Structure formats: structure tokens, C-alpha cells
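Coordinates as given in final.cif (mmCIF, N, CA and C atoms):
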data_work
#
loop_
_atom_site.label_atom_id
_atom_site.label_comp_id
_atom_site.auth_asym_id
_atom_site.auth_seq_id
_atom_site.Cartn_x
_atom_site.Cartn_y
_atom_site.Cartn_z
N GLN W 1 -23.71 40.76 84.25
CA GLN W 1 -23.68 40.85 85.70
C GLN W 1 -25.06 41.14 86.25
N VAL W 2 -25.33 40.54 87.36
CA VAL W 2 -26.61 40.76 88.06
C VAL W 2 -26.30 41.17 89.48
N GLN W 3 -27.00 42.18 89.97
CA GLN W 3 -26.86 42.60 91.36
C GLN W 3 -28.17 42.28 92.08
N LEU W 4 -28.03 41.77 93.30
CA LEU W 4 -29.18 41.39 94.10
C LEU W 4 -29.13 42.12 95.44
N VAL W 5 -30.27 42.68 95.83
CA VAL W 5 -30.34 43.39 97.11
C VAL W 5 -31.52 42.85 97.91
N GLU W 6 -31.23 42.35 99.11
CA GLU W 6 -32.27 41.80 99.98
C GLU W 6 -32.75 42.85 100.97
N SER W 7 -33.96 42.64 101.46
CA SER W 7 -34.51 43.46 102.53
C SER W 7 -35.54 42.64 103.30
N GLY W 8 -35.84 43.09 104.53
CA GLY W 8 -36.93 42.49 105.27
C GLY W 8 -36.55 41.61 106.44
N GLY W 9 -35.26 41.45 106.71
CA GLY W 9 -34.88 40.63 107.86
C GLY W 9 -35.17 41.34 109.17
N GLY W 10 -34.91 40.64 110.27
CA GLY W 10 -35.12 41.25 111.57
C GLY W 10 -35.26 40.21 112.67
N LEU W 11 -35.72 40.69 113.82
CA LEU W 11 -35.93 39.85 114.99
C LEU W 11 -37.42 39.58 115.15
N VAL W 12 -37.77 38.32 115.36
CA VAL W 12 -39.18 37.95 115.50
C VAL W 12 -39.29 36.84 116.54
N GLN W 13 -40.41 36.78 117.21
CA GLN W 13 -40.63 35.74 118.20
C GLN W 13 -41.06 34.44 117.52
N PRO W 14 -40.83 33.32 118.16
CA PRO W 14 -41.29 32.04 117.61
C PRO W 14 -42.79 32.09 117.32
N GLY W 15 -43.17 31.55 116.17
CA GLY W 15 -44.56 31.60 115.74
C GLY W 15 -44.91 32.83 114.91
N GLY W 16 -43.99 33.77 114.85
CA GLY W 16 -44.23 35.00 114.10
C GLY W 16 -43.94 34.86 112.62
N SER W 17 -44.05 35.98 111.92
CA SER W 17 -43.87 35.99 110.46
C SER W 17 -42.93 37.11 110.05
N LEU W 18 -42.26 36.86 108.93
CA LEU W 18 -41.44 37.88 108.28
C LEU W 18 -41.56 37.69 106.78
N ARG W 19 -41.36 38.75 106.06
CA ARG W 19 -41.34 38.67 104.60
C ARG W 19 -40.04 39.26 104.09
N LEU W 20 -39.29 38.45 103.35
CA LEU W 20 -38.04 38.90 102.74
C LEU W 20 -38.29 39.25 101.28
N SER W 21 -37.60 40.28 100.82
CA SER W 21 -37.71 40.67 99.42
C SER W 21 -36.32 40.78 98.82
N CYS W 22 -36.24 40.50 97.53
CA CYS W 22 -34.97 40.59 96.81
C CYS W 22 -35.26 41.22 95.45
N ALA W 23 -34.49 42.24 95.12
CA ALA W 23 -34.64 42.92 93.83
C ALA W 23 -33.37 42.73 93.01
N ALA W 24 -33.54 42.36 91.76
CA ALA W 24 -32.41 42.17 90.85
C ALA W 24 -32.26 43.37 89.93
N SER W 25 -31.01 43.72 89.68
CA SER W 25 -30.70 44.78 88.71
C SER W 25 -29.55 44.30 87.84
N GLY W 26 -29.28 45.06 86.80
CA GLY W 26 -28.23 44.65 85.86
C GLY W 26 -28.82 43.85 84.72
N ASN W 27 -28.12 42.78 84.33
CA ASN W 27 -28.53 41.96 83.19
C ASN W 27 -29.60 40.96 83.63
N ARG W 28 -30.78 41.51 83.97
CA ARG W 28 -31.83 40.69 84.58
C ARG W 28 -32.51 39.75 83.60
N GLY W 29 -32.47 40.07 82.35
CA GLY W 29 -33.17 39.26 81.36
C GLY W 29 -32.60 37.87 81.20
N SER W 30 -31.40 37.65 81.72
CA SER W 30 -30.76 36.35 81.57
C SER W 30 -31.03 35.41 82.75
N ILE W 31 -31.74 35.92 83.76
CA ILE W 31 -31.98 35.12 84.96
C ILE W 31 -32.99 34.01 84.68
N SER W 32 -32.68 32.79 85.10
CA SER W 32 -33.62 31.69 84.94
C SER W 32 -34.26 31.30 86.28
N VAL W 33 -33.45 31.16 87.30
CA VAL W 33 -33.95 30.73 88.61
C VAL W 33 -33.63 31.81 89.63
N MET W 34 -34.57 32.05 90.52
CA MET W 34 -34.31 32.92 91.68
C MET W 34 -34.74 32.18 92.93
N GLY W 35 -33.99 32.38 94.00
CA GLY W 35 -34.33 31.66 95.21
C GLY W 35 -33.67 32.23 96.44
N TRP W 36 -33.81 31.50 97.52
CA TRP W 36 -33.27 31.91 98.82
C TRP W 36 -32.49 30.76 99.44
N TYR W 37 -31.37 31.12 100.03
CA TYR W 37 -30.55 30.20 100.80
C TYR W 37 -30.40 30.74 102.21
N ARG W 38 -30.06 29.86 103.11
CA ARG W 38 -29.90 30.25 104.52
C ARG W 38 -28.60 29.69 105.06
N ALA W 39 -27.86 30.53 105.78
CA ALA W 39 -26.67 30.10 106.50
C ALA W 39 -26.97 30.21 107.98
N ALA W 40 -27.27 29.06 108.59
CA ALA W 40 -27.50 29.04 110.03
C ALA W 40 -26.17 29.20 110.76
N PRO W 41 -26.17 29.68 111.99
CA PRO W 41 -24.92 29.86 112.73
C PRO W 41 -24.07 28.59 112.75
N GLY W 42 -22.84 28.71 112.28
CA GLY W 42 -21.92 27.58 112.27
C GLY W 42 -22.15 26.58 111.17
N ASN W 43 -23.04 26.91 110.23
CA ASN W 43 -23.34 25.97 109.16
C ASN W 43 -23.12 26.59 107.78
N GLU W 44 -23.02 25.70 106.80
CA GLU W 44 -22.89 26.14 105.42
C GLU W 44 -24.22 26.70 104.93
N ARG W 45 -24.14 27.47 103.88
CA ARG W 45 -25.34 28.00 103.23
C ARG W 45 -26.11 26.83 102.59
N ALA W 46 -27.43 26.82 102.80
CA ALA W 46 -28.25 25.72 102.28
C ALA W 46 -29.51 26.28 101.64
N LEU W 47 -30.03 25.55 100.66
CA LEU W 47 -31.20 25.99 99.94
C LEU W 47 -32.43 26.05 100.85
N VAL W 48 -33.20 27.13 100.72
CA VAL W 48 -34.49 27.24 101.40
C VAL W 48 -35.62 27.04 100.40
N ALA W 49 -35.59 27.77 99.29
CA ALA W 49 -36.63 27.66 98.28
C ALA W 49 -36.13 28.31 97.00
N PHE W 50 -36.70 27.83 95.85
CA PHE W 50 -36.40 28.49 94.59
C PHE W 50 -37.61 28.46 93.69
N ALA W 51 -37.62 29.34 92.69
CA ALA W 51 -38.70 29.42 91.72
C ALA W 51 -38.08 29.59 90.34
N THR W 52 -38.54 28.82 89.38
CA THR W 52 -37.98 28.86 88.03
C THR W 52 -38.83 29.75 87.12
N LEU W 53 -38.29 30.02 85.93
CA LEU W 53 -39.02 30.78 84.92
C LEU W 53 -40.32 30.10 84.53
N GLY W 54 -40.30 28.78 84.55
CA GLY W 54 -41.48 28.01 84.15
C GLY W 54 -42.53 27.90 85.22
N GLY W 55 -42.26 28.49 86.41
CA GLY W 55 -43.25 28.48 87.47
C GLY W 55 -43.08 27.38 88.50
N MET W 56 -42.06 26.53 88.33
CA MET W 56 -41.83 25.48 89.31
C MET W 56 -41.27 26.08 90.60
N LYS W 57 -41.74 25.58 91.72
CA LYS W 57 -41.26 26.03 93.02
C LYS W 57 -40.87 24.81 93.85
N ARG W 58 -39.78 24.93 94.56
CA ARG W 58 -39.31 23.86 95.42
C ARG W 58 -38.88 24.43 96.76
N TYR W 59 -39.10 23.61 97.81
CA TYR W 59 -38.79 24.05 99.17
C TYR W 59 -37.96 22.99 99.88
N ALA W 60 -37.13 23.45 100.80
CA ALA W 60 -36.46 22.52 101.70
C ALA W 60 -37.52 21.88 102.59
N GLU W 61 -37.29 20.63 102.95
CA GLU W 61 -38.27 19.91 103.78
C GLU W 61 -38.61 20.66 105.07
N ALA W 62 -37.61 21.28 105.66
CA ALA W 62 -37.80 21.92 106.96
C ALA W 62 -38.73 23.12 106.92
N VAL W 63 -38.97 23.68 105.72
CA VAL W 63 -39.79 24.89 105.64
C VAL W 63 -41.10 24.66 104.89
N LYS W 64 -41.31 23.47 104.37
CA LYS W 64 -42.55 23.19 103.62
C LYS W 64 -43.77 23.44 104.49
N GLY W 65 -44.74 24.12 103.91
CA GLY W 65 -45.97 24.42 104.64
C GLY W 65 -45.90 25.68 105.48
N ARG W 66 -44.70 26.22 105.66
CA ARG W 66 -44.53 27.43 106.46
C ARG W 66 -44.02 28.62 105.63
N PHE W 67 -43.20 28.33 104.64
CA PHE W 67 -42.62 29.38 103.80
C PHE W 67 -43.25 29.34 102.42
N THR W 68 -43.39 30.52 101.81
CA THR W 68 -43.92 30.62 100.47
C THR W 68 -43.06 31.55 99.63
N ILE W 69 -42.58 31.05 98.50
CA ILE W 69 -41.77 31.88 97.61
C ILE W 69 -42.65 32.41 96.49
N SER W 70 -42.43 33.65 96.12
CA SER W 70 -43.19 34.25 95.02
C SER W 70 -42.24 35.09 94.18
N ARG W 71 -42.49 35.09 92.89
CA ARG W 71 -41.59 35.77 91.97
C ARG W 71 -42.40 36.67 91.05
N ASP W 72 -41.91 37.90 90.90
CA ASP W 72 -42.53 38.85 89.99
C ASP W 72 -41.60 38.97 88.79
N PHE W 73 -42.04 38.42 87.65
CA PHE W 73 -41.17 38.37 86.49
C PHE W 73 -41.00 39.73 85.83
N GLU W 74 -41.97 40.60 85.97
CA GLU W 74 -41.87 41.93 85.38
C GLU W 74 -40.93 42.82 86.20
N LYS W 75 -41.03 42.71 87.51
CA LYS W 75 -40.22 43.55 88.38
C LYS W 75 -38.87 42.91 88.71
N HIS W 76 -38.69 41.65 88.35
CA HIS W 76 -37.45 40.92 88.63
C HIS W 76 -37.18 40.88 90.14
N THR W 77 -38.21 40.51 90.87
CA THR W 77 -38.08 40.38 92.31
C THR W 77 -38.49 38.97 92.74
N VAL W 78 -38.01 38.59 93.90
CA VAL W 78 -38.44 37.33 94.51
C VAL W 78 -38.62 37.57 96.00
N ASP W 79 -39.75 37.16 96.53
CA ASP W 79 -40.07 37.33 97.93
C ASP W 79 -40.15 35.97 98.62
N LEU W 80 -39.94 35.99 99.91
CA LEU W 80 -40.07 34.79 100.73
C LEU W 80 -40.93 35.14 101.93
N GLN W 81 -42.17 34.64 101.95
CA GLN W 81 -43.05 34.82 103.09
C GLN W 81 -42.79 33.69 104.06
N MET W 82 -42.41 34.07 105.29
CA MET W 82 -42.05 33.07 106.28
C MET W 82 -43.03 33.16 107.45
N ASP W 83 -43.79 32.11 107.64
CA ASP W 83 -44.78 32.05 108.72
C ASP W 83 -44.41 30.96 109.72
N ASP W 84 -45.00 31.05 110.91
CA ASP W 84 -44.74 30.07 111.97
C ASP W 84 -43.24 29.85 112.14
N LEU W 85 -42.53 30.94 112.28
CA LEU W 85 -41.07 30.85 112.37
C LEU W 85 -40.64 30.15 113.65
N LYS W 86 -39.54 29.40 113.52
CA LYS W 86 -38.98 28.63 114.63
C LYS W 86 -37.56 29.11 114.91
N PRO W 87 -37.05 28.90 116.11
CA PRO W 87 -35.67 29.32 116.40
C PRO W 87 -34.65 28.74 115.41
N GLU W 88 -34.90 27.54 114.91
CA GLU W 88 -33.97 26.94 113.97
C GLU W 88 -34.00 27.60 112.59
N ASP W 89 -34.92 28.53 112.37
CA ASP W 89 -34.93 29.30 111.13
C ASP W 89 -33.95 30.47 111.18
N THR W 90 -33.36 30.68 112.33
CA THR W 90 -32.38 31.77 112.49
C THR W 90 -31.20 31.59 111.56
N GLY W 91 -30.76 32.69 110.96
CA GLY W 91 -29.60 32.64 110.09
C GLY W 91 -29.56 33.85 109.17
N ILE W 92 -28.56 33.84 108.32
CA ILE W 92 -28.46 34.88 107.30
C ILE W 92 -29.10 34.33 106.02
N TYR W 93 -30.02 35.06 105.49
CA TYR W 93 -30.74 34.64 104.28
C TYR W 93 -30.17 35.37 103.07
N TYR W 94 -29.80 34.59 102.07
CA TYR W 94 -29.19 35.12 100.87
C TYR W 94 -30.09 34.91 99.66
N CYS W 95 -30.25 35.96 98.90
CA CYS W 95 -30.95 35.85 97.63
C CYS W 95 -29.98 35.30 96.59
N ASN W 96 -30.48 34.45 95.72
CA ASN W 96 -29.66 33.83 94.69
C ASN W 96 -30.37 33.91 93.35
N SER W 97 -29.60 34.13 92.31
CA SER W 97 -30.16 34.02 90.96
C SER W 97 -29.18 33.24 90.10
N LYS W 98 -29.72 32.54 89.13
CA LYS W 98 -28.90 31.72 88.25
C LYS W 98 -29.07 32.16 86.80
N ASP W 99 -27.94 32.30 86.11
CA ASP W 99 -27.90 32.62 84.71
C ASP W 99 -27.07 31.51 84.06
N GLY W 100 -27.78 30.45 83.68
CA GLY W 100 -27.05 29.29 83.19
C GLY W 100 -26.28 28.68 84.34
N SER W 101 -24.96 28.61 84.20
CA SER W 101 -24.12 28.01 85.24
C SER W 101 -23.57 29.05 86.20
N ILE W 102 -23.95 30.30 86.04
CA ILE W 102 -23.43 31.37 86.88
C ILE W 102 -24.41 31.67 88.01
N ASP W 103 -23.87 31.69 89.23
CA ASP W 103 -24.66 32.05 90.40
C ASP W 103 -24.33 33.48 90.82
N TYR W 104 -25.38 34.22 91.15
CA TYR W 104 -25.22 35.55 91.72
C TYR W 104 -25.82 35.54 93.12
N TRP W 105 -25.21 36.32 94.02
CA TRP W 105 -25.64 36.34 95.41
C TRP W 105 -25.81 37.75 95.91
N GLY W 106 -26.82 37.93 96.77
CA GLY W 106 -26.93 39.16 97.51
C GLY W 106 -26.02 39.11 98.72
N ARG W 107 -25.99 40.20 99.47
CA ARG W 107 -25.11 40.27 100.64
C ARG W 107 -25.71 39.56 101.85
N GLY W 108 -27.00 39.32 101.80
CA GLY W 108 -27.65 38.61 102.90
C GLY W 108 -28.38 39.53 103.86
N THR W 109 -29.39 38.97 104.51
CA THR W 109 -30.13 39.70 105.53
C THR W 109 -30.35 38.77 106.72
N GLN W 110 -30.14 39.32 107.91
CA GLN W 110 -30.20 38.51 109.13
C GLN W 110 -31.64 38.30 109.58
N VAL W 111 -31.97 37.06 109.88
CA VAL W 111 -33.26 36.71 110.49
C VAL W 111 -32.96 36.02 111.81
N THR W 112 -33.52 36.55 112.88
CA THR W 112 -33.34 35.96 114.21
C THR W 112 -34.69 35.66 114.81
N VAL W 113 -34.89 34.40 115.17
CA VAL W 113 -36.15 33.97 115.77
C VAL W 113 -35.85 33.61 117.22
N SER W 114 -36.34 34.44 118.13
CA SER W 114 -36.02 34.26 119.54
C SER W 114 -37.06 34.94 120.40
N SER W 115 -37.29 34.35 121.56
CA SER W 115 -38.22 34.98 122.50
C SER W 115 -37.45 35.84 123.50
#
How does the structure come out when it is put into C-alpha cells?
Amino acid sequence: QVQLVESGGGLVQPGGSLRLSCAASGNRGSISVMGWYRAAPGNERALVAFATLGGMKRYAEAVKGRFTISRDFEKHTVDLQMDDLKPEDTGIYYCNSKDGSIDYWGRGTQVTVSS
């Protein structure tokens, strides 16, 4: 079992920045991929970015060039630096980790981009 706890959400104006953090506990040594998903209001949860053990990083098209994912393998954390935020970035952000075919999820943290 893996437990994930997110932090760092909040309210920010368009063009602003936020940094989300996620810490894993439990059976962390089995984690291969860590990433972030977003559930916009009225929408399904969708991938924002992920980082693999091998160092590969991938981003959703909508956030490329604005968001940066970073992973600390020793601390078992994954951060998401979000710059130039837009109102359409509003949603609940969920930390995700994968252990083979098993997905683990955090409870989510709210990000609201509004003037």
C-alpha cells in the first residue's frame, strides 16, 4: 500500500504561479511512476504530467511550457511547478503513483485561477 498526501493548492490570479507537492509513504520502494492529474469542474480526471523512474517526463499539451514536474527519488516526492496559470487550469489536482498495474491516489488539492 502507498499513501499520497498533496499540498500547495490555493487561489491565484491569472498569470500567477503555484507549486504543488506530493509525499508518498508506505511501500514506496515499489513505485515506478509518479504524476499529477486534474479534475476540472464537471469533467473527468485527466493527466497533467508524469515522471518515471528512468527520468522520462511527459506533459499534457495544454500545460507544456508552463508546468514543470520534478521528482525526488530519495524523498519519494513529486512536485508540480505551475507558472502562467490560466482560468482553465482550475480544478482539483490529484497526485498519482503507479506500482505495476496498481494506481494509488491522493485526496486532491484545489487550485482556483481567478481574478
**Request:** I need the residue set behind the PyMOL selection byres ((chain W and resi 114) around 7) for this file; please write it as a ChimeraX atom specification.
**Result:** /W:11-14,86-87,112-113,115
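What the PyMOL selection byres (((chain W and resi 98-101 and name CA) around 7) and name CA) matches in the given file is Ser30, Ile31, Ser32, Val33, Met34, Asn96, Ser97, Ile102, Asp103 and Tyr104 of chain W.
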**Message:** At a cut-off of 8 Å, using all atoms listed in the file, what residues contact Ala39 (chain W)? Leave out same-chain residues fewer than 2 positions from it and give the result as a ChimeraX atom specification.
**Reply:** /W:36-37,41-47,89-94
**Hits from the PyMOL selection byres ((chain W and resi 78) around 6), listed as a VMD selection string** = chain W and resid 20 to 23 70 to 72 76 to 77 79 to 80
**Request:** Enumerate the residues of region 22-67 of chain W with a DSSP assignment of strand (DSSP E), computed from the backbone, and present them as a VMD selection string.
**Result:** chain W and resid 22 to 26 33 to 39 45 to 52 57 to 59 67
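Using all atoms listed in the file, the set of residues no farther than 8 Å from the position (-46.3, 31.6, 103.8) comprises Gly65, Arg66, Phe67, Thr68, Ile69, Leu80, Gln81, Met82, Asp83 and Asp84 of chain W.
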Starting from the sparse input, extend region 74-85 of chain W to all heavy atoms and give the output as an mmCIF file, in the frame of the given file.
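Result written to selection-v1.cif:
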data_model
loop_
_atom_site.group_PDB
_atom_site.id
_atom_site.type_symbol
_atom_site.label_atom_id
_atom_site.label_comp_id
_atom_site.auth_asym_id
_atom_site.auth_seq_id
_atom_site.Cartn_x
_atom_site.Cartn_y
_atom_site.Cartn_z
ATOM 1 N N GLU W 74 -41.970 40.600 85.970
ATOM 2 C CA GLU W 74 -41.870 41.930 85.380
ATOM 3 C C GLU W 74 -40.930 42.820 86.200
ATOM 4 O O GLU W 74 -40.150 43.587 85.639
ATOM 5 C CB GLU W 74 -43.242 42.573 85.270
ATOM 6 C CG GLU W 74 -44.139 41.939 84.210
ATOM 7 C CD GLU W 74 -45.413 42.725 84.013
ATOM 8 O OE1 GLU W 74 -45.569 43.783 84.641
ATOM 9 O OE2 GLU W 74 -46.253 42.281 83.214
ATOM 10 N N LYS W 75 -41.030 42.710 87.510
ATOM 11 C CA LYS W 75 -40.220 43.550 88.380
ATOM 12 C C LYS W 75 -38.870 42.910 88.710
ATOM 13 O O LYS W 75 -38.012 43.557 89.318
ATOM 14 C CB LYS W 75 -40.966 43.839 89.681
ATOM 15 C CG LYS W 75 -42.236 44.651 89.495
ATOM 16 C CD LYS W 75 -42.916 44.913 90.823
ATOM 17 C CE LYS W 75 -44.180 45.731 90.642
ATOM 18 N NZ LYS W 75 -44.883 45.948 91.938
ATOM 19 N N HIS W 76 -38.690 41.650 88.350
ATOM 20 C CA HIS W 76 -37.450 40.920 88.630
ATOM 21 C C HIS W 76 -37.180 40.880 90.140
ATOM 22 O O HIS W 76 -36.080 41.223 90.595
ATOM 23 C CB HIS W 76 -36.264 41.541 87.882
ATOM 24 C CG HIS W 76 -36.440 41.542 86.403
ATOM 25 N ND1 HIS W 76 -36.238 40.430 85.615
ATOM 26 C CD2 HIS W 76 -36.834 42.539 85.564
ATOM 27 C CE1 HIS W 76 -36.487 40.744 84.347
ATOM 28 N NE2 HIS W 76 -36.860 42.012 84.294
ATOM 29 N N THR W 77 -38.210 40.510 90.870
ATOM 30 C CA THR W 77 -38.080 40.380 92.310
ATOM 31 C C THR W 77 -38.490 38.970 92.740
ATOM 32 O O THR W 77 -39.227 38.282 92.027
ATOM 33 C CB THR W 77 -38.949 41.395 93.058
ATOM 34 O OG1 THR W 77 -40.320 41.185 92.698
ATOM 35 C CG2 THR W 77 -38.565 42.826 92.720
ATOM 36 N N VAL W 78 -38.010 38.590 93.900
ATOM 37 C CA VAL W 78 -38.440 37.330 94.510
ATOM 38 C C VAL W 78 -38.620 37.570 96.000
ATOM 39 O O VAL W 78 -37.770 38.173 96.646
ATOM 40 C CB VAL W 78 -37.445 36.187 94.229
ATOM 41 C CG1 VAL W 78 -36.070 36.459 94.836
ATOM 42 C CG2 VAL W 78 -37.998 34.857 94.732
ATOM 43 N N ASP W 79 -39.750 37.160 96.530
ATOM 44 C CA ASP W 79 -40.070 37.330 97.930
ATOM 45 C C ASP W 79 -40.150 35.970 98.620
ATOM 46 O O ASP W 79 -40.438 34.951 97.979
ATOM 47 C CB ASP W 79 -41.422 38.034 98.093
ATOM 48 C CG ASP W 79 -41.369 39.491 97.678
ATOM 49 O OD1 ASP W 79 -40.263 39.981 97.354
ATOM 50 O OD2 ASP W 79 -42.427 40.136 97.661
ATOM 51 N N LEU W 80 -39.940 35.990 99.910
ATOM 52 C CA LEU W 80 -40.070 34.790 100.730
ATOM 53 C C LEU W 80 -40.930 35.140 101.930
ATOM 54 O O LEU W 80 -40.490 35.880 102.810
ATOM 55 C CB LEU W 80 -38.716 34.258 101.173
ATOM 56 C CG LEU W 80 -38.746 32.923 101.904
ATOM 57 C CD1 LEU W 80 -39.134 31.798 100.950
ATOM 58 C CD2 LEU W 80 -37.387 32.616 102.533
ATOM 59 N N GLN W 81 -42.170 34.640 101.950
ATOM 60 C CA GLN W 81 -43.050 34.820 103.090
ATOM 61 C C GLN W 81 -42.790 33.690 104.060
ATOM 62 O O GLN W 81 -42.934 32.521 103.710
ATOM 63 C CB GLN W 81 -44.515 34.809 102.649
ATOM 64 C CG GLN W 81 -45.518 34.914 103.785
ATOM 65 C CD GLN W 81 -45.445 36.235 104.516
ATOM 66 O OE1 GLN W 81 -45.248 37.285 103.907
ATOM 67 N NE2 GLN W 81 -45.579 36.183 105.835
ATOM 68 N N MET W 82 -42.410 34.070 105.290
ATOM 69 C CA MET W 82 -42.050 33.070 106.280
ATOM 70 C C MET W 82 -43.030 33.160 107.450
ATOM 71 O O MET W 82 -43.108 34.191 108.120
ATOM 72 C CB MET W 82 -40.616 33.317 106.775
ATOM 73 C CG MET W 82 -39.593 33.353 105.659
ATOM 74 S SD MET W 82 -37.900 33.481 106.248
ATOM 75 C CE MET W 82 -37.903 35.114 106.973
ATOM 76 N N ASP W 83 -43.790 32.110 107.640
ATOM 77 C CA ASP W 83 -44.780 32.050 108.720
ATOM 78 C C ASP W 83 -44.410 30.960 109.720
ATOM 79 O O ASP W 83 -43.634 30.055 109.402
ATOM 80 C CB ASP W 83 -46.166 31.771 108.123
ATOM 81 C CG ASP W 83 -46.639 32.875 107.193
ATOM 82 O OD1 ASP W 83 -46.452 34.051 107.546
ATOM 83 O OD2 ASP W 83 -47.182 32.556 106.133
ATOM 84 N N ASP W 84 -45.000 31.050 110.910
ATOM 85 C CA ASP W 84 -44.740 30.070 111.970
ATOM 86 C C ASP W 84 -43.240 29.850 112.140
ATOM 87 O O ASP W 84 -42.755 28.708 112.148
ATOM 88 C CB ASP W 84 -45.442 28.744 111.643
ATOM 89 C CG ASP W 84 -45.399 27.751 112.792
ATOM 90 O OD1 ASP W 84 -45.240 28.196 113.950
ATOM 91 O OD2 ASP W 84 -45.489 26.537 112.540
ATOM 92 N N LEU W 85 -42.530 30.940 112.280
ATOM 93 C CA LEU W 85 -41.070 30.850 112.370
ATOM 94 C C LEU W 85 -40.640 30.150 113.650
ATOM 95 O O LEU W 85 -41.274 30.269 114.705
ATOM 96 C CB LEU W 85 -40.473 32.245 112.305
ATOM 97 C CG LEU W 85 -40.405 32.826 110.883
ATOM 98 C CD1 LEU W 85 -40.282 34.337 110.907
ATOM 99 C CD2 LEU W 85 -39.232 32.205 110.125
#
